[in-house]
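What follows is one structure encoded as C-alpha cells, with my remarks underneath.
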Amino acid sequence: MKKLLMSLGLCAALAACNSSSINRGKAGESCTSHNDCAGSLGCYNGICAATAPTGEQDGGTTAPSQEGESCTRRADCDTGLMCFDQVCMTAPPVTPADGGATNTSAGIRGETCMTNADCSTKLVCIPNPTNQSIGVCDVSNFSITPPGGKTCSAECNVDLDCCELPLGESGVAADAGTVNYNSCADLKKALNQADPSGCEVDTAASLSRECFLFKTYCDCANNNPWKCNAGSCGYIKACTGNGETIKGCPVQTRTGAPTISTCNAATLTCSTSIKAGCATNDDCLGAFIADVASEKCVSGECVCATDRGACYRKCNVDLDCAQNYTCDTTKFICTFVGECTTALDCIQKSGDVTSVCQKNTCKKPCAIDQDCGPSGVAGTKFKNLICGADGYCADITGQCASDSDCAVTAANGQLVKKFCVATTAAATVTYASAITATK
C-alpha cells in the first residue's frame, strides 16, 4: 500500500506543475482529467474528445472536469461534483455507509483518490481492487468489536433441544406420491393416527420410517431419546435395528449433523461418530473409530478421549501420526500441534513476508483493519478479518455475543438455529487417529 501511495502522491505532485508548460492532449489521446486535454476537448473515459466549449484554451488556466468526464479525485471535478470510479458525478452510485466529506474537495467513502489527502477525515486512500493505478477512499478501521471466546457451535443447551424434526424430511404417500414432512403434524397425518405415541406396536411395515421419525423427533416429553452432551446431540435410546426403522437408529441430528446409524447388537445402542460416550479404553472395543467412520476398534487398537467421549486409534511415537500432529504419550492420541514452527513456514504459506509464527499459528501483523482485508467498498467483500487488540489479524467468522447472533446457520443446505457458547479448551484441541502403529 505504501508503494502505491508514494507513486500516487508523485502523480499528484506532477499534476500540480505550472499548467502553461503542459502539452495537452489532442482528440483520441489519453487523459485523467479535463485539464489534460487541449482547447475545447473534454476527458471522457480517459480519452480526450470533442465536447461543448468549456472556455479552456490551450495553455490557459486549469479547468475542472464536468459531469461524466474523467477524474482521479474530487478536486479534478467542478464544484458540486464527486469523483466515483474515475468519473465526475453529482451523487455516488451507491450511498456510502459512512465517511462524509468535511470539505468540498475531499472524497467520501468509495470515491477515487491519489493520496490520503484526497479523502475526508478518518478515511484513507487504499488500492483500488479493479484498477491498481488509482486508489479509493475507505475507512481505515471497521468499528467491529470481536465478541470474544464464543461461537455459534452448539446444537443444544438441554436434552429437549435435540428433539426437533430435521429440515428437508420427506416420504412417499400411497395417495399423494412424495410428500414433505415439515412438522410432526405431517407425520401424524402420514401415520393416520391422532396419537402415534404407540406406533411402534401396530404400525404397518410401509410406515415404519414415519413411525421412527415421530418417536425420535416428536415424542420426547416423557421418554426423550436424546442427550445433550457439551452442545452436541447424542441418541441414547435402545435399538434393535439399523437406520430409520422402528426401534432403529437416526442418520442425523436436528441440525443435519450426521450420525452413524448402526445398532450394536451386543449393547443394543446406536453407535455415532463422536458421541459413543466412552469413558475408558475398554469401552472402545467394537465401537466406531471417531474419525474413520467405517471402521471399528479391535482389541488393543483404540484409546478413549475422555474429554469428548470418542475412540481414536492409538499412537506410541510421533511417527505414528500424520504431518503437523505429535503423539501425546500421556493419552496416546495424535494431537494437532499447529501449522508452523518458524516464520518461514508462514511466509511460504501466505506469500506475505510480514507473517510470523506464534504458538504454532501463523499470524499477520496489522495496525488498522484494512491491513487484514477489505471492508466491502468498490465491489470488494468483507472477509470477517479485523485487526485484533494484540496487533495481529483476527478471523471473527462464526463468533457471537448471544444466541440472537446465531439465528441461522447452514446445515446440509438448510437453515437452522444454533446456540452461542463459550469455546472450551478441550474443544480447541484437535485429535486424530494414528495413521500407523509401531506396537
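Residue numbers start at 1 in each chain; chains themselves are named A, B, ... in the order of the C-alpha cells; ligands are numbered from 1 in the order shown.
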
Fewer than 6 positions away in the same chain doesn't count, so skip those; otherwise give me all residues within 9 Å of Ala265 in chain A, counting only C-alpha atoms, as an MDAnalysis selection string.
chainID A and resid 239:241

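The nearest approach to Asp219 in chain A among the residues A:Pro196, A:Gly309, A:Gly25, A:Gly149, with only C-alpha atoms taken into account, belongs to A:Pro196.
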
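Considering only C-alpha atoms, the residue among A:Cys284, A:Cys362, A:Cys297, A:Val87 positioned nearest to Cys346 in chain A is A:Cys362.
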
Using only C-alpha atoms, which protein or nucleic acid residues come within 7 Å of Cys270 in chain A? Drop anything in the same chain fewer than 5 positions from it, and give the result as a short mmCIF file (atom, residue, chain, number, x, y, z; two decimals) with C-alpha atoms, in the first residue's frame.
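Saved as part17.cif:
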data_model
loop_
_atom_site.label_atom_id
_atom_site.label_comp_id
_atom_site.auth_asym_id
_atom_site.auth_seq_id
_atom_site.Cartn_x
_atom_site.Cartn_y
_atom_site.Cartn_z
CA TYR A 235 -29.03 -40.65 20.58
CA CYS A 239 -32.24 -50.14 19.39
CA CYS A 249 -31.00 -45.53 14.74
CA SER A 261 -26.98 -45.38 12.18
CA THR A 262 -25.69 -48.81 13.20
CA CYS A 263 -27.21 -50.69 16.14
CA ASN A 264 -24.70 -52.55 18.29
#

Secondary structure check, strand (DSSP E) residues of range 49-240 of chain A, as a ChimeraX atom specification:
/A:49-50,82-84,87-89,112-113,123-128,131-139,150-154,170-173,177-180,226-229,232-235

With C-alpha atoms retained, export the selected residues as an mmCIF file, in the first residue's frame.
data_model
loop_
_atom_site.group_PDB
_atom_site.id
_atom_site.type_symbol
_atom_site.label_atom_id
_atom_site.label_comp_id
_atom_site.auth_asym_id
_atom_site.auth_seq_id
_atom_site.Cartn_x
_atom_site.Cartn_y
_atom_site.Cartn_z
ATOM 1 C CA ALA A 49 -12.865 14.012 -27.039
ATOM 2 C CA ALA A 50 -14.771 16.957 -28.536
ATOM 3 C CA MET A 82 -17.831 13.973 -6.851
ATOM 4 C CA CYS A 83 -15.302 11.509 -8.291
ATOM 5 C CA PHE A 84 -16.509 7.891 -8.298
ATOM 6 C CA VAL A 87 -15.954 9.673 -13.355
ATOM 7 C CA CYS A 88 -17.324 13.035 -12.136
ATOM 8 C CA MET A 89 -20.877 12.554 -10.792
ATOM 9 C CA THR A 112 -11.360 7.555 -6.233
ATOM 10 C CA CYS A 113 -8.191 9.168 -4.914
ATOM 11 C CA LEU A 123 -10.634 7.934 5.590
ATOM 12 C CA VAL A 124 -7.556 6.590 3.812
ATOM 13 C CA CYS A 125 -6.706 6.073 0.155
ATOM 14 C CA ILE A 126 -6.362 2.327 -0.431
ATOM 15 C CA PRO A 127 -5.526 0.446 -3.651
ATOM 16 C CA ASN A 128 -8.499 0.103 -5.982
ATOM 17 C CA ASN A 131 -7.624 -0.517 -11.080
ATOM 18 C CA GLN A 132 -4.264 -0.624 -9.319
ATOM 19 C CA SER A 133 -3.158 2.669 -10.901
ATOM 20 C CA ILE A 134 -5.523 4.621 -8.696
ATOM 21 C CA GLY A 135 -6.909 4.425 -5.173
ATOM 22 C CA VAL A 136 -10.312 4.574 -3.491
ATOM 23 C CA CYS A 137 -11.303 6.346 -0.260
ATOM 24 C CA ASP A 138 -12.292 3.986 2.527
ATOM 25 C CA VAL A 139 -12.459 3.695 6.322
ATOM 26 C CA LYS A 150 -17.916 -17.535 21.873
ATOM 27 C CA THR A 151 -19.051 -19.266 18.689
ATOM 28 C CA CYS A 152 -22.321 -20.440 17.143
ATOM 29 C CA SER A 153 -21.305 -24.057 17.561
ATOM 30 C CA ALA A 154 -23.846 -25.738 19.876
ATOM 31 C CA SER A 170 -39.875 -36.369 3.101
ATOM 32 C CA GLY A 171 -41.622 -39.654 2.372
ATOM 33 C CA VAL A 172 -43.932 -41.392 -0.073
ATOM 34 C CA ALA A 173 -47.698 -41.435 0.482
ATOM 35 C CA GLY A 177 -46.616 -39.589 -4.028
ATOM 36 C CA THR A 178 -43.638 -37.791 -2.449
ATOM 37 C CA VAL A 179 -44.648 -35.543 0.452
ATOM 38 C CA ASN A 180 -42.623 -33.239 2.679
ATOM 39 C CA TRP A 226 -31.644 -37.670 23.019
ATOM 40 C CA LYS A 227 -28.890 -36.494 25.360
ATOM 41 C CA CYS A 228 -27.220 -33.087 25.086
ATOM 42 C CA ASN A 229 -23.507 -33.525 25.706
ATOM 43 C CA SER A 232 -23.902 -31.928 20.750
ATOM 44 C CA CYS A 233 -26.951 -34.177 20.449
ATOM 45 C CA GLY A 234 -26.423 -37.907 21.030
ATOM 46 C CA TYR A 235 -29.030 -40.654 20.578
#

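Between CA of Cys327 in chain A and CA of Ser355 in chain A the interatomic distance comes to 27.6 Å.
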